[in-house]
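Novice: The file below is query27.csv, CSV, C-alpha atoms and all ligand atoms:
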```csv
chain,number,residue,atom,x,y,z
A,1,MET,CA,93.8,1.2,107.5
A,2,ILE,CA,90.3,0.2,108.5
A,3,VAL,CA,88.3,0.6,105.3
A,4,GLY,CA,84.7,-0.1,105.8
A,5,ASP,CA,81.4,-0.1,104.0
A,6,ILE,CA,78.2,1.9,104.6
A,7,ASP,CA,76.5,-0.6,106.9
A,8,ARG,CA,79.5,-0.8,109.2
A,9,ALA,CA,79.9,2.9,109.1
A,10,VAL,CA,76.3,3.4,110.2
A,11,GLU,CA,76.9,1.0,113.1
A,12,HIS,CA,80.0,2.9,114.1
A,13,LEU,CA,78.1,6.2,114.1
A,14,ARG,CA,75.3,4.7,116.2
A,15,ARG,CA,77.8,3.5,118.7
A,16,GLY,CA,79.2,7.0,119.0
A,17,MET,CA,82.4,6.4,117.1
A,18,THR,CA,84.0,8.5,114.4
A,19,VAL,CA,84.0,7.7,110.7
A,20,VAL,CA,86.2,9.3,108.0
A,21,ILE,CA,83.9,10.5,105.2
A,22,PRO,CA,84.8,11.4,101.6
A,23,THR,CA,83.2,14.6,100.3
A,24,GLU,CA,83.6,16.6,97.2
A,25,THR,CA,85.5,19.3,99.2
A,26,VAL,CA,87.9,17.5,101.5
A,27,TYR,CA,87.7,14.3,103.7
A,28,GLY,CA,85.8,14.8,106.9
A,29,LEU,CA,86.0,13.3,110.4
A,30,GLY,CA,82.4,12.5,111.1
A,31,ALA,CA,80.3,11.6,114.1
A,32,ASP,CA,76.6,11.6,115.1
A,33,ALA,CA,75.8,15.3,115.5
A,34,ALA,CA,73.1,14.4,118.1
A,35,ASN,CA,75.5,12.5,120.4
A,36,PRO,CA,77.6,14.8,122.6
A,37,THR,CA,80.2,12.1,123.5
A,38,ALA,CA,80.7,11.3,119.8
A,39,VAL,CA,81.1,15.0,118.9
A,40,ARG,CA,83.6,15.4,121.7
A,41,ARG,CA,85.6,12.6,120.3
A,42,ILE,CA,86.1,14.6,117.1
A,43,PHE,CA,87.6,17.5,119.0
A,44,ALA,CA,89.9,15.1,121.0
A,45,ILE,CA,91.2,13.3,117.8
A,46,LYS,CA,91.8,16.6,116.0
A,47,GLY,CA,93.2,18.5,119.0
A,48,ARG,CA,90.7,21.2,118.0
A,49,PRO,CA,89.7,23.9,120.5
A,50,VAL,CA,86.1,23.2,121.6
A,51,SER,CA,85.0,26.8,120.8
A,52,HIS,CA,85.3,26.1,117.0
A,53,PRO,CA,81.9,25.0,115.8
A,54,LEU,CA,81.4,22.1,113.4
A,55,ILE,CA,79.5,21.8,110.1
A,56,VAL,CA,76.5,19.4,110.3
A,57,HIS,CA,76.1,17.4,107.1
A,58,LEU,CA,72.6,16.4,106.0
A,59,GLU,CA,71.1,14.1,103.5
A,60,SER,CA,68.9,16.7,101.8
A,61,SER,CA,67.5,20.2,102.4
A,62,GLY,CA,64.4,18.4,103.6
A,63,ARG,CA,66.2,17.7,106.9
A,64,LEU,CA,67.1,21.4,107.5
A,65,GLU,CA,64.1,22.1,109.7
A,66,SER,CA,65.4,19.7,112.3
A,67,TRP,CA,68.5,21.8,112.8
A,68,ALA,CA,67.7,25.4,111.9
A,69,GLU,CA,64.8,27.8,112.2
A,70,LYS,CA,63.8,31.2,110.9
A,71,ILE,CA,65.6,30.4,107.7
A,72,PRO,CA,66.0,33.6,105.6
A,73,PRO,CA,64.4,33.3,102.1
A,74,ILE,CA,67.8,33.9,100.5
A,75,ALA,CA,69.2,31.0,102.4
A,76,ALA,CA,66.4,28.8,101.1
A,77,ARG,CA,67.2,29.9,97.6
A,78,LEU,CA,70.9,29.2,98.0
A,79,ALA,CA,70.1,25.7,99.4
A,80,GLU,CA,67.8,25.0,96.5
A,81,ARG,CA,70.3,26.0,93.9
A,82,PHE,CA,73.6,24.8,95.4
A,83,TRP,CA,72.8,21.6,97.4
A,84,PRO,CA,74.0,19.0,97.2
A,85,GLY,CA,77.3,21.0,96.9
A,86,PRO,CA,80.2,22.9,98.5
A,87,LEU,CA,78.1,25.6,100.2
A,88,THR,CA,77.7,25.8,104.0
A,89,LEU,CA,74.9,27.9,105.4
A,90,VAL,CA,75.1,29.4,108.9
A,91,LEU,CA,71.5,29.7,110.2
A,92,PRO,CA,69.7,30.2,113.6
A,93,ARG,CA,69.8,26.9,115.4
A,94,ARG,CA,66.9,24.9,116.7
A,95,PRO,CA,66.9,24.8,120.5
A,96,GLY,CA,67.9,21.2,120.8
A,97,VAL,CA,71.1,21.4,118.7
A,98,LEU,CA,74.1,20.5,120.8
A,99,THR,CA,76.5,23.1,122.3
A,100,GLU,CA,79.3,20.8,121.4
A,101,VAL,CA,78.4,21.3,117.7
A,102,THR,CA,77.7,25.0,117.7
A,103,GLY,CA,80.6,26.1,119.9
A,104,GLY,CA,77.9,27.7,122.2
A,105,GLN,CA,76.6,30.0,119.4
A,106,SER,CA,73.0,30.7,118.5
A,107,THR,CA,73.7,29.5,115.0
A,108,VAL,CA,74.4,26.2,113.3
A,109,ALA,CA,76.4,25.5,110.1
A,110,VAL,CA,74.8,23.0,107.7
A,111,ARG,CA,75.4,21.6,104.3
A,112,VAL,CA,74.4,18.7,102.0
A,113,PRO,CA,77.6,17.3,100.5
A,114,ASP,CA,77.7,16.2,96.8
A,115,HIS,CA,79.5,12.9,97.1
A,116,PRO,CA,77.8,9.5,96.4
A,117,VAL,CA,79.5,7.8,99.4
A,118,ALA,CA,78.7,10.7,101.9
A,119,LEU,CA,75.1,10.8,100.6
A,120,SER,CA,74.7,7.0,100.9
A,121,LEU,CA,76.0,7.2,104.4
A,122,LEU,CA,73.7,10.1,105.4
A,123,LYS,CA,70.7,8.4,103.9
A,124,ALA,CA,71.4,5.1,105.7
A,125,PHE,CA,72.2,6.8,109.0
A,126,GLY,CA,69.2,9.2,108.9
A,127,GLY,CA,70.6,11.8,111.2
A,128,GLY,CA,73.0,14.7,110.9
A,129,ILE,CA,76.8,14.0,110.8
A,130,ALA,CA,79.0,16.7,112.3
A,131,ALA,CA,82.3,16.7,110.4
A,132,PRO,CA,85.2,19.0,110.3
A,133,SER,CA,88.1,18.3,108.0
A,134,ALA,CA,90.0,15.0,108.9
A,135,ASN,CA,93.3,16.5,109.9
A,136,ARG,CA,94.9,17.7,113.1
A,137,PHE,CA,94.0,21.2,114.1
A,138,GLY,CA,95.8,23.8,112.0
A,139,HIS,CA,97.2,21.3,109.5
A,140,LEU,CA,96.4,20.8,105.8
A,141,SER,CA,93.0,19.3,104.9
A,142,PRO,CA,93.1,15.8,103.4
A,143,THR,CA,92.0,15.4,99.8
A,144,SER,CA,92.5,11.6,99.7
A,145,SER,CA,92.1,8.7,102.1
A,146,ARG,CA,95.9,8.3,102.1
A,147,ASP,CA,96.3,11.8,103.5
A,148,VAL,CA,93.9,10.9,106.4
A,149,TYR,CA,95.7,7.7,107.1
A,150,GLU,CA,99.1,9.4,107.1
A,151,GLU,CA,97.8,12.0,109.5
A,152,PHE,CA,96.0,9.8,112.0
A,153,GLY,CA,96.9,6.1,111.3
A,154,GLU,CA,94.2,4.0,113.0
A,155,SER,CA,93.1,6.7,115.5
A,156,ALA,CA,90.5,8.4,113.3
A,157,GLY,CA,88.5,5.2,113.2
A,158,MET,CA,87.0,3.7,110.1
A,159,ILE,CA,87.8,5.3,106.8
A,160,LEU,CA,85.3,5.2,103.9
A,161,GLU,CA,87.1,5.3,100.6
A,162,GLY,CA,85.8,7.8,98.1
A,163,GLY,CA,88.6,8.6,95.7
A,164,PRO,CA,90.3,12.0,95.4
A,165,CYS,CA,88.1,15.0,96.2
A,166,SER,CA,86.7,16.7,93.2
A,167,PHE,CA,86.9,20.3,94.5
A,168,GLY,CA,89.9,19.8,96.9
A,169,VAL,CA,89.2,23.0,98.9
A,170,GLU,CA,86.7,23.5,101.7
A,171,SER,CA,83.1,24.7,101.3
A,172,THR,CA,82.2,28.3,101.0
A,173,ILE,CA,80.6,29.3,104.3
A,174,VAL,CA,77.8,31.9,104.1
A,175,GLY,CA,76.0,33.6,107.0
A,176,PHE,CA,73.3,36.2,107.0
A,177,GLN,CA,73.2,39.7,108.5
A,178,GLU,CA,69.6,40.8,108.4
A,179,ASN,CA,68.9,39.4,104.9
A,180,VAL,CA,72.3,40.1,103.4
A,181,PRO,CA,74.5,37.1,102.7
A,182,VAL,CA,78.0,37.3,104.2
A,183,ILE,CA,80.9,35.1,103.1
A,184,LEU,CA,82.4,33.8,106.4
A,185,ARG,CA,85.0,31.7,104.5
A,186,PRO,CA,85.7,31.8,100.8
A,187,GLY,CA,85.6,28.3,99.3
A,188,ALA,CA,84.7,26.1,96.4
A,189,ILE,CA,81.9,28.4,95.2
A,190,SER,CA,83.2,31.9,94.4
A,191,SER,CA,81.5,35.1,95.5
A,192,GLY,CA,81.0,35.9,91.8
A,193,THR,CA,78.9,32.8,91.3
A,194,LEU,CA,76.8,33.6,94.4
A,195,GLU,CA,76.3,37.2,93.3
A,196,ALA,CA,75.4,36.2,89.8
A,197,PHE,CA,72.8,33.8,91.0
A,198,LEU,CA,71.3,36.1,93.7
A,199,GLY,CA,71.6,39.2,91.6
A,200,MET,CA,72.9,41.1,94.7
A,201,ARG,CA,76.1,42.0,96.4
A,202,VAL,CA,77.5,39.5,98.9
A,203,LEU,CA,79.5,40.8,101.8
A,204,ARG,CA,82.8,39.4,103.2
A,205,SER,CA,83.0,38.9,106.9
A,206,ASP,CA,86.4,40.8,107.0
A,207,SER,CA,84.8,43.9,105.4
A,208,LYS,CA,83.9,46.8,107.6
A,209,ASP,CA,80.2,46.5,106.7
A,210,SER,CA,79.9,43.0,108.2
A,211,SER,CA,79.2,42.5,111.9
A,212,LEU,CA,79.4,38.7,111.5
A,213,ARG,CA,82.6,37.0,112.6
A,214,VAL,CA,83.9,33.5,112.1
A,215,PRO,CA,84.7,31.7,115.3
A,216,GLY,CA,87.8,29.7,115.1
A,217,SER,CA,89.0,31.0,111.8
A,218,SER,CA,92.6,31.5,113.0
A,219,LEU,CA,95.0,32.9,110.5
A,220,SER,CA,97.3,30.0,110.8
A,221,HIS,CA,94.9,27.4,109.4
A,222,TYR,CA,95.4,25.2,106.4
A,223,ALA,CA,99.2,25.2,106.7
A,224,PRO,CA,101.8,22.7,105.4
A,225,GLU,CA,104.7,21.7,107.7
A,226,THR,CA,107.1,23.4,105.4
A,227,PRO,CA,107.4,27.2,105.5
A,228,LEU,CA,105.8,28.7,102.5
A,229,GLU,CA,106.2,32.0,100.7
A,230,VAL,CA,103.9,33.6,98.0
A,231,LEU,CA,105.8,35.8,95.5
A,232,PRO,CA,105.0,37.8,92.5
A,233,GLU,CA,106.1,36.1,89.2
A,234,GLU,CA,109.0,38.6,88.8
A,235,GLU,CA,110.5,37.8,92.2
A,236,LEU,CA,110.2,34.1,92.0
A,237,GLY,CA,113.4,33.4,90.0
A,238,GLN,CA,115.6,35.5,92.2
A,239,ARG,CA,114.3,34.2,95.5
A,240,THR,CA,114.7,30.6,94.3
A,241,LEU,CA,118.3,31.3,93.3
A,242,TYR,CA,118.9,32.9,96.7
A,243,LEU,CA,117.7,29.8,98.5
A,244,ALA,CA,119.4,27.4,96.2
A,245,ALA,CA,122.7,29.1,96.7
A,246,ARG,CA,122.3,28.4,100.4
A,247,SER,CA,121.7,24.8,99.4
A,248,ARG,CA,118.1,24.7,100.6
A,249,ARG,CA,115.8,22.2,99.0
A,250,VAL,CA,113.0,24.2,97.5
A,251,GLY,CA,109.6,23.2,96.1
A,252,ILE,CA,108.1,25.6,93.6
A,253,LEU,CA,104.5,26.0,92.5
A,254,CYS,CA,104.7,27.7,89.1
A,255,ARG,CA,101.7,29.0,87.3
A,256,THR,CA,102.9,31.1,84.4
A,257,VAL,CA,106.6,30.7,84.9
A,258,ARG,CA,108.0,27.7,83.0
A,259,PRO,CA,109.2,25.0,85.4
A,260,GLU,CA,112.2,24.3,83.1
A,261,ARG,CA,113.7,27.6,84.5
A,262,PHE,CA,114.3,25.7,87.7
A,263,ASP,CA,116.1,22.7,86.3
A,264,ARG,CA,118.7,22.5,88.9
A,265,GLU,CA,119.7,20.2,91.8
A,266,GLY,CA,117.7,20.7,94.9
A,267,LEU,CA,114.8,22.5,93.1
A,268,THR,CA,111.5,20.7,92.5
A,269,PRO,CA,109.3,22.9,90.3
A,270,PHE,CA,105.7,21.9,89.8
A,271,SER,CA,103.5,23.3,87.0
A,272,MET,CA,100.1,24.2,88.5
A,273,PRO,CA,96.8,24.3,86.5
A,274,GLY,CA,96.2,27.8,85.0
A,275,ASP,CA,92.5,27.9,86.1
A,276,ALA,CA,91.3,28.5,89.6
A,277,ASP,CA,89.2,25.4,90.0
A,278,GLY,CA,92.0,23.1,88.7
A,279,TYR,CA,94.5,24.9,90.9
A,280,ALA,CA,92.3,24.5,94.0
A,281,ARG,CA,91.7,20.8,93.2
A,282,VAL,CA,95.4,19.9,93.4
A,283,LEU,CA,96.7,22.5,95.8
A,284,TYR,CA,96.6,20.5,99.1
A,285,ALA,CA,97.8,17.4,97.3
A,286,VAL,CA,100.9,19.3,96.0
A,287,LEU,CA,101.6,20.8,99.5
A,288,HIS,CA,101.2,17.4,101.1
A,289,PHE,CA,103.6,16.0,98.5
A,290,PHE,CA,106.2,18.7,99.3
A,291,ASP,CA,105.8,18.1,103.1
A,292,ARG,CA,106.5,14.4,102.5
A,293,ALA,CA,109.4,15.0,100.1
A,294,GLY,CA,111.1,17.0,102.8
A,295,VAL,CA,111.8,20.2,101.0
A,296,GLU,CA,112.8,23.1,103.3
A,297,ARG,CA,110.9,25.8,101.6
A,298,ILE,CA,107.9,26.1,99.3
A,299,LEU,CA,107.7,29.1,97.0
A,300,VAL,CA,104.5,29.9,95.3
A,301,GLU,CA,104.0,32.1,92.2
A,302,ALA,CA,101.2,34.4,93.3
A,303,PRO,CA,97.9,33.7,91.5
A,304,PRO,CA,95.8,36.6,90.2
A,305,ARG,CA,93.8,38.6,92.8
A,306,THR,CA,90.4,38.2,91.0
A,307,ALA,CA,87.2,36.8,92.6
A,308,GLU,CA,87.5,33.3,91.1
A,309,TRP,CA,90.9,32.9,92.8
A,310,GLU,CA,89.7,34.1,96.3
A,311,ALA,CA,89.6,30.7,97.9
A,312,VAL,CA,93.1,29.8,96.6
A,313,ASN,CA,94.5,33.1,97.7
A,314,ASP,CA,92.8,32.8,101.1
A,315,ARG,CA,94.4,29.4,101.8
A,316,LEU,CA,97.8,30.4,100.4
A,317,GLY,CA,97.7,33.5,102.6
A,318,ARG,CA,97.0,31.5,105.7
A,319,ALA,CA,99.6,28.9,104.8
A,320,ALA,CA,102.2,31.6,104.3
A,321,LEU,CA,101.5,33.7,107.4
A,322,LEU,CA,102.2,31.0,109.9
A,323,ARG,CA,106.0,30.8,110.2
A,324,ILE,CA,107.8,33.2,108.0
A,325,GLY,CA,109.5,35.8,110.1
A,326,LYS,CA,108.6,34.0,113.3
A,327,GLU,CA,110.0,30.5,113.8
A,328,TYR,CA,112.1,30.9,110.7
A,329,PRO,CA,113.6,34.4,110.7
A,330,GLU,CA,114.5,35.6,107.3
A,331,PRO,CA,117.4,37.8,106.2
A,332,SER,CA,116.3,41.3,105.4
A,333,ARG,CA,114.9,41.9,102.0
A,334,GLU,CA,118.0,43.9,100.9
A,335,GLU,CA,120.2,41.1,101.9
A,336,SER,CA,118.2,38.5,100.1
A,337,LEU,CA,118.3,40.5,96.9
A,338,ARG,CA,122.0,40.9,96.9
A,401,LIG,P1,86.1,22.8,109.1
A,401,LIG,O1,85.0,21.9,109.4
A,401,LIG,O2,87.4,22.4,109.6
A,401,LIG,O3,86.1,23.2,107.7
A,401,LIG,O4,85.7,24.1,109.9
A,401,LIG,C1,84.3,24.5,109.9
A,401,LIG,C2,84.3,26.0,110.1
A,401,LIG,O5,82.9,26.4,110.0
A,401,LIG,C3,84.7,26.6,111.4
A,401,LIG,O6,86.1,26.9,111.4
A,401,LIG,C4,83.9,27.8,111.6
A,401,LIG,O7,84.6,28.9,111.2
A,401,LIG,C5,82.7,27.6,110.6
A,401,LIG,N1,81.5,27.5,111.4
A,401,LIG,C6,80.9,26.4,111.8
A,401,LIG,N2,79.8,26.7,112.5
A,401,LIG,C7,79.6,28.0,112.5
A,401,LIG,C8,78.7,29.0,113.1
A,401,LIG,N3,77.7,28.6,113.8
A,401,LIG,N4,78.9,30.3,112.9
A,401,LIG,C9,80.0,30.7,112.1
A,401,LIG,N5,80.9,29.9,111.6
A,401,LIG,C10,80.7,28.6,111.8
A,402,MG,MG,89.5,22.2,108.9
```
When written as structure tokens, how does the structure in this file appear?
Ligand code: AMP
Ligand code: MG
Specialist:
Amino acid sequence: MIVGDIDRAVEHLRRGMTVVIPTETVYGLGADAANPTAVRRIFAIKGRPVSHPLIVHLESSGRLESWAEKIPPIAARLAERFWPGPLTLVLPRRPGVLTEVTGGQSTVAVRVPDHPVALSLLKAFGGGIAAPSANRFGHLSPTSSRDVYEEFGESAGMILEGGPCSFGVESTIVGFQENVPVILRPGAISSGTLEAFLGMRVLRSDSKDSSLRVPGSSLSHYAPETPLEVLPEEELGQRTLYLAARSRRVGILCRTVRPERFDREGLTPFSMPGDADGYARVLYAVLHFFDRAGVERILVEAPPRTAEWEAVNDRLGRAALLRIGKEYPEPSREESLR
């Protein structure tokens, strides 16, 4: 693994190469946001469709004017309160912002990350760094440098080590419809936190009142290799026994259910944190672990449906949707309960 320091990373960025950057959300695959060849490299390495726009990372909100214009007052308040931090704002772009970055849209997504290594790099580099999560398109996001290295080997370029990510789930993305904030992707900052701060309702882009849509937010994002099912607590035991009887190796994410219930060959229960932030912090790491351990199925005890769990539920929903019933047809429900 090519582990580098800030000076070398700046040199790489100036030469149009990619650098893996630790942030408080997940590790990013960064490149100079003003260099079209460098930005295209990100898409090639990730296998990401070019229509999916990237988030531009800035050193401070003082740099915002170089990238965005006609900034709604609410956006300025959010930036003031939550930056540096896991909040991405989608704003009208300045004319010069690259099409490669915006996916051809009239808006640009920007944020100031809250991580000492990312901030040192941004400060030393001076410009904006476009960075999506450092994983192949559709895969789990990396929350450690090891995750990145296992995904890409040397092909992601230099990796800056920054320890495990403190949030472990992607940033909350907020756009604006007139002057109303709209959550385009739930993330590390909950809608409740945003509403409490703004003193107003915040829309969701999947609600009927929103006309904003999220480019490239395919349902099959954020997925482990292993098929995953989310089940209510009362169905978890039965489903586990069903799979175990067919000698499947099963990983289980317990929340309230005691892991001792699954003390049996072939079953790997994991006791998840009871709070939403703690759960989000370790979620990708646990899913990565199960992928590497070679279990054949991951069962997840469904978290509560409250606002603070929305980012976790969003990611679990996407992870679960992908393959069940498609590539891995399941027996009918009646059959599985017999
Ligand atoms: P990632 O960097 O992998 O977390 O993905 C970034 C996400 O930000 C994309 O999937 C888009 O959904 C969203 N995004 C980036 N730019 C824009 C934009 N201009 N408008 C709406 N969403 C955006
Ligand atoms: Mg991503």
Novice: Go through chain A residue by residue and, counting only C-alpha atoms and all ligand atoms, keep those with an atom at most 9 Å from ligand MG 402 (chain A); for each kept residue give the shortest atom pair and its distance in Å to one decimal, ordered by chain and increasing number, as a Markdown table.
Specialist:
```
| residue | atom | partner | partner_atom | distance |
| --- | --- | --- | --- | --- |
| A:Val26 | CA | A:MG402 | MG | 8.9 |
| A:Gly28 | CA | A:MG402 | MG | 8.5 |
| A:Pro132 | CA | A:MG402 | MG | 5.5 |
| A:Ser133 | CA | A:MG402 | MG | 4.2 |
| A:Ala134 | CA | A:MG402 | MG | 7.2 |
| A:Asn135 | CA | A:MG402 | MG | 6.9 |
| A:Arg136 | CA | A:MG402 | MG | 8.2 |
| A:Phe137 | CA | A:MG402 | MG | 6.9 |
| A:Gly138 | CA | A:MG402 | MG | 7.2 |
| A:His139 | CA | A:MG402 | MG | 7.8 |
| A:Leu140 | CA | A:MG402 | MG | 7.7 |
| A:Ser141 | CA | A:MG402 | MG | 6.1 |
| A:Glu170 | CA | A:MG402 | MG | 7.8 |
| A:His221 | CA | A:MG402 | MG | 7.5 |
| A:Tyr222 | CA | A:MG402 | MG | 7.1 |
```
Novice: Emit the selected residues as a PDB file, in the frame of the given file, including C-alpha atoms.
Specialist:
```pdb
ATOM      1  CA  VAL A  26      87.900  17.500 101.500  1.00  0.00           C
ATOM      2  CA  GLY A  28      85.800  14.800 106.900  1.00  0.00           C
ATOM      3  CA  PRO A 132      85.200  19.000 110.300  1.00  0.00           C
ATOM      4  CA  SER A 133      88.100  18.300 108.000  1.00  0.00           C
ATOM      5  CA  ALA A 134      90.000  15.000 108.900  1.00  0.00           C
ATOM      6  CA  ASN A 135      93.300  16.500 109.900  1.00  0.00           C
ATOM      7  CA  ARG A 136      94.900  17.700 113.100  1.00  0.00           C
ATOM      8  CA  PHE A 137      94.000  21.200 114.100  1.00  0.00           C
ATOM      9  CA  GLY A 138      95.800  23.800 112.000  1.00  0.00           C
ATOM     10  CA  HIS A 139      97.200  21.300 109.500  1.00  0.00           C
ATOM     11  CA  LEU A 140      96.400  20.800 105.800  1.00  0.00           C
ATOM     12  CA  SER A 141      93.000  19.300 104.900  1.00  0.00           C
ATOM     13  CA  GLU A 170      86.700  23.500 101.700  1.00  0.00           C
ATOM     14  CA  HIS A 221      94.900  27.400 109.400  1.00  0.00           C
ATOM     15  CA  TYR A 222      95.400  25.200 106.400  1.00  0.00           C
TER      16      TYR A 222
END
```
Novice: Can you tell me which residues surround A:Glu234 at a distance of at most 10 Å, considering only C-alpha atoms, apart from same-chain residues fewer than 5 positions away, and format the answer as a list in words?
Specialist: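 My list of contacting residues is Arg239, Val257, Glu301 and Ala302 of chain A.
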Novice: Could you check which of A:Asn35, A:Gln177, A:Ser60, A:Thr226 is closest to ligand LIG 401 (chain A), using only C-alpha atoms and all ligand atoms?
Specialist: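 Closest to ligand LIG 401 (chain A) of all the choices is A:Gln177.
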Novice: Could you give me, as a VMD selection string, every polymer residue with an atom at most 8 Å away from an atom of ligand LIG 401 (chain A), counting only C-alpha atoms and all ligand atoms?
Specialist: chain A and resid 28 52 to 55 88 90 to 91 101 to 103 105 to 110 131 to 134 141 170 to 171 173 175 184 to 185 213 to 217
Novice: Between atom CA of A:Ser211 and atom CA of A:Pro113, what is the distance, to one decimal in Å?
Specialist: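 Distance reported for this atom pair: 27.7 Å.
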Novice: Quick one: residues within 12 Å of A:Gly168, only C-alpha atoms, excluding same-chain residues fewer than 4 positions away - as a PyMOL selection string?
Specialist: chain A and resi 22-28+86+133+140-144+163-164+187-189+276-286+311-312+315
Novice: Please produce stretch 14-20 of chain A, completed to all heavy atoms, as a PDB file, in the frame of the given file.
Specialist:
```
ATOM      1  N   ARG A  14      76.281   4.945 115.116  1.00  0.00           N
ATOM      2  CA  ARG A  14      75.300   4.700 116.200  1.00  0.00           C
ATOM      3  C   ARG A  14      75.900   4.403 117.496  1.00  0.00           C
ATOM      4  O   ARG A  14      75.334   4.680 118.541  1.00  0.00           O
ATOM      5  CB  ARG A  14      74.341   3.542 115.740  1.00  0.00           C
ATOM      6  CG  ARG A  14      73.564   3.868 114.477  1.00  0.00           C
ATOM      7  CD  ARG A  14      72.085   3.465 114.537  1.00  0.00           C
ATOM      8  NE  ARG A  14      71.368   4.171 113.477  1.00  0.00           N
ATOM      9  CZ  ARG A  14      70.967   3.607 112.338  1.00  0.00           C
ATOM     10  NH1 ARG A  14      71.163   2.315 112.121  1.00  0.00           N
ATOM     11  NH2 ARG A  14      70.344   4.336 111.420  1.00  0.00           N
ATOM     12  N   ARG A  15      77.096   3.803 117.452  1.00  0.00           N
ATOM     13  CA  ARG A  15      77.800   3.500 118.700  1.00  0.00           C
ATOM     14  C   ARG A  15      78.630   4.669 119.212  1.00  0.00           C
ATOM     15  O   ARG A  15      79.411   4.526 120.151  1.00  0.00           O
ATOM     16  CB  ARG A  15      78.673   2.251 118.519  1.00  0.00           C
ATOM     17  CG  ARG A  15      77.794   1.033 118.289  1.00  0.00           C
ATOM     18  CD  ARG A  15      78.472  -0.339 118.394  1.00  0.00           C
ATOM     19  NE  ARG A  15      79.899  -0.376 118.478  1.00  0.00           N
ATOM     20  CZ  ARG A  15      80.687  -1.040 117.615  1.00  0.00           C
ATOM     21  NH1 ARG A  15      80.174  -1.710 116.607  1.00  0.00           N
ATOM     22  NH2 ARG A  15      81.990  -1.038 117.786  1.00  0.00           N
ATOM     23  N   GLY A  16      78.511   5.804 118.538  1.00  0.00           N
ATOM     24  CA  GLY A  16      79.200   7.000 119.000  1.00  0.00           C
ATOM     25  C   GLY A  16      80.656   7.088 118.581  1.00  0.00           C
ATOM     26  O   GLY A  16      81.437   7.862 119.143  1.00  0.00           O
ATOM     27  N   MET A  17      81.010   6.306 117.561  1.00  0.00           N
ATOM     28  CA  MET A  17      82.400   6.400 117.100  1.00  0.00           C
ATOM     29  C   MET A  17      82.519   7.259 115.854  1.00  0.00           C
ATOM     30  O   MET A  17      81.519   7.577 115.221  1.00  0.00           O
ATOM     31  CB  MET A  17      82.878   4.944 116.746  1.00  0.00           C
ATOM     32  CG  MET A  17      83.052   4.113 118.006  1.00  0.00           C
ATOM     33  SD  MET A  17      82.804   2.374 117.699  1.00  0.00           S
ATOM     34  CE  MET A  17      84.239   1.987 116.751  1.00  0.00           C
ATOM     35  N   THR A  18      83.745   7.622 115.541  1.00  0.00           N
ATOM     36  CA  THR A  18      84.000   8.500 114.400  1.00  0.00           C
ATOM     37  C   THR A  18      84.153   7.653 113.109  1.00  0.00           C
ATOM     38  O   THR A  18      84.598   6.515 113.154  1.00  0.00           O
ATOM     39  CB  THR A  18      85.210   9.375 114.568  1.00  0.00           C
ATOM     40  OG1 THR A  18      86.327   8.531 114.871  1.00  0.00           O
ATOM     41  CG2 THR A  18      85.013  10.372 115.698  1.00  0.00           C
ATOM     42  N   VAL A  19      83.810   8.283 111.979  1.00  0.00           N
ATOM     43  CA  VAL A  19      84.000   7.700 110.700  1.00  0.00           C
ATOM     44  C   VAL A  19      84.568   8.723 109.735  1.00  0.00           C
ATOM     45  O   VAL A  19      84.100   9.862 109.737  1.00  0.00           O
ATOM     46  CB  VAL A  19      82.637   7.165 110.099  1.00  0.00           C
ATOM     47  CG1 VAL A  19      82.787   6.696 108.661  1.00  0.00           C
ATOM     48  CG2 VAL A  19      82.055   6.047 110.965  1.00  0.00           C
ATOM     49  N   VAL A  20      85.591   8.361 108.965  1.00  0.00           N
ATOM     50  CA  VAL A  20      86.200   9.300 108.000  1.00  0.00           C
ATOM     51  C   VAL A  20      85.342   9.232 106.713  1.00  0.00           C
ATOM     52  O   VAL A  20      85.146   8.155 106.153  1.00  0.00           O
ATOM     53  CB  VAL A  20      87.643   9.007 107.749  1.00  0.00           C
ATOM     54  CG1 VAL A  20      88.178   9.894 106.624  1.00  0.00           C
ATOM     55  CG2 VAL A  20      88.441   9.204 109.030  1.00  0.00           C
TER      56      VAL A  20
END
```
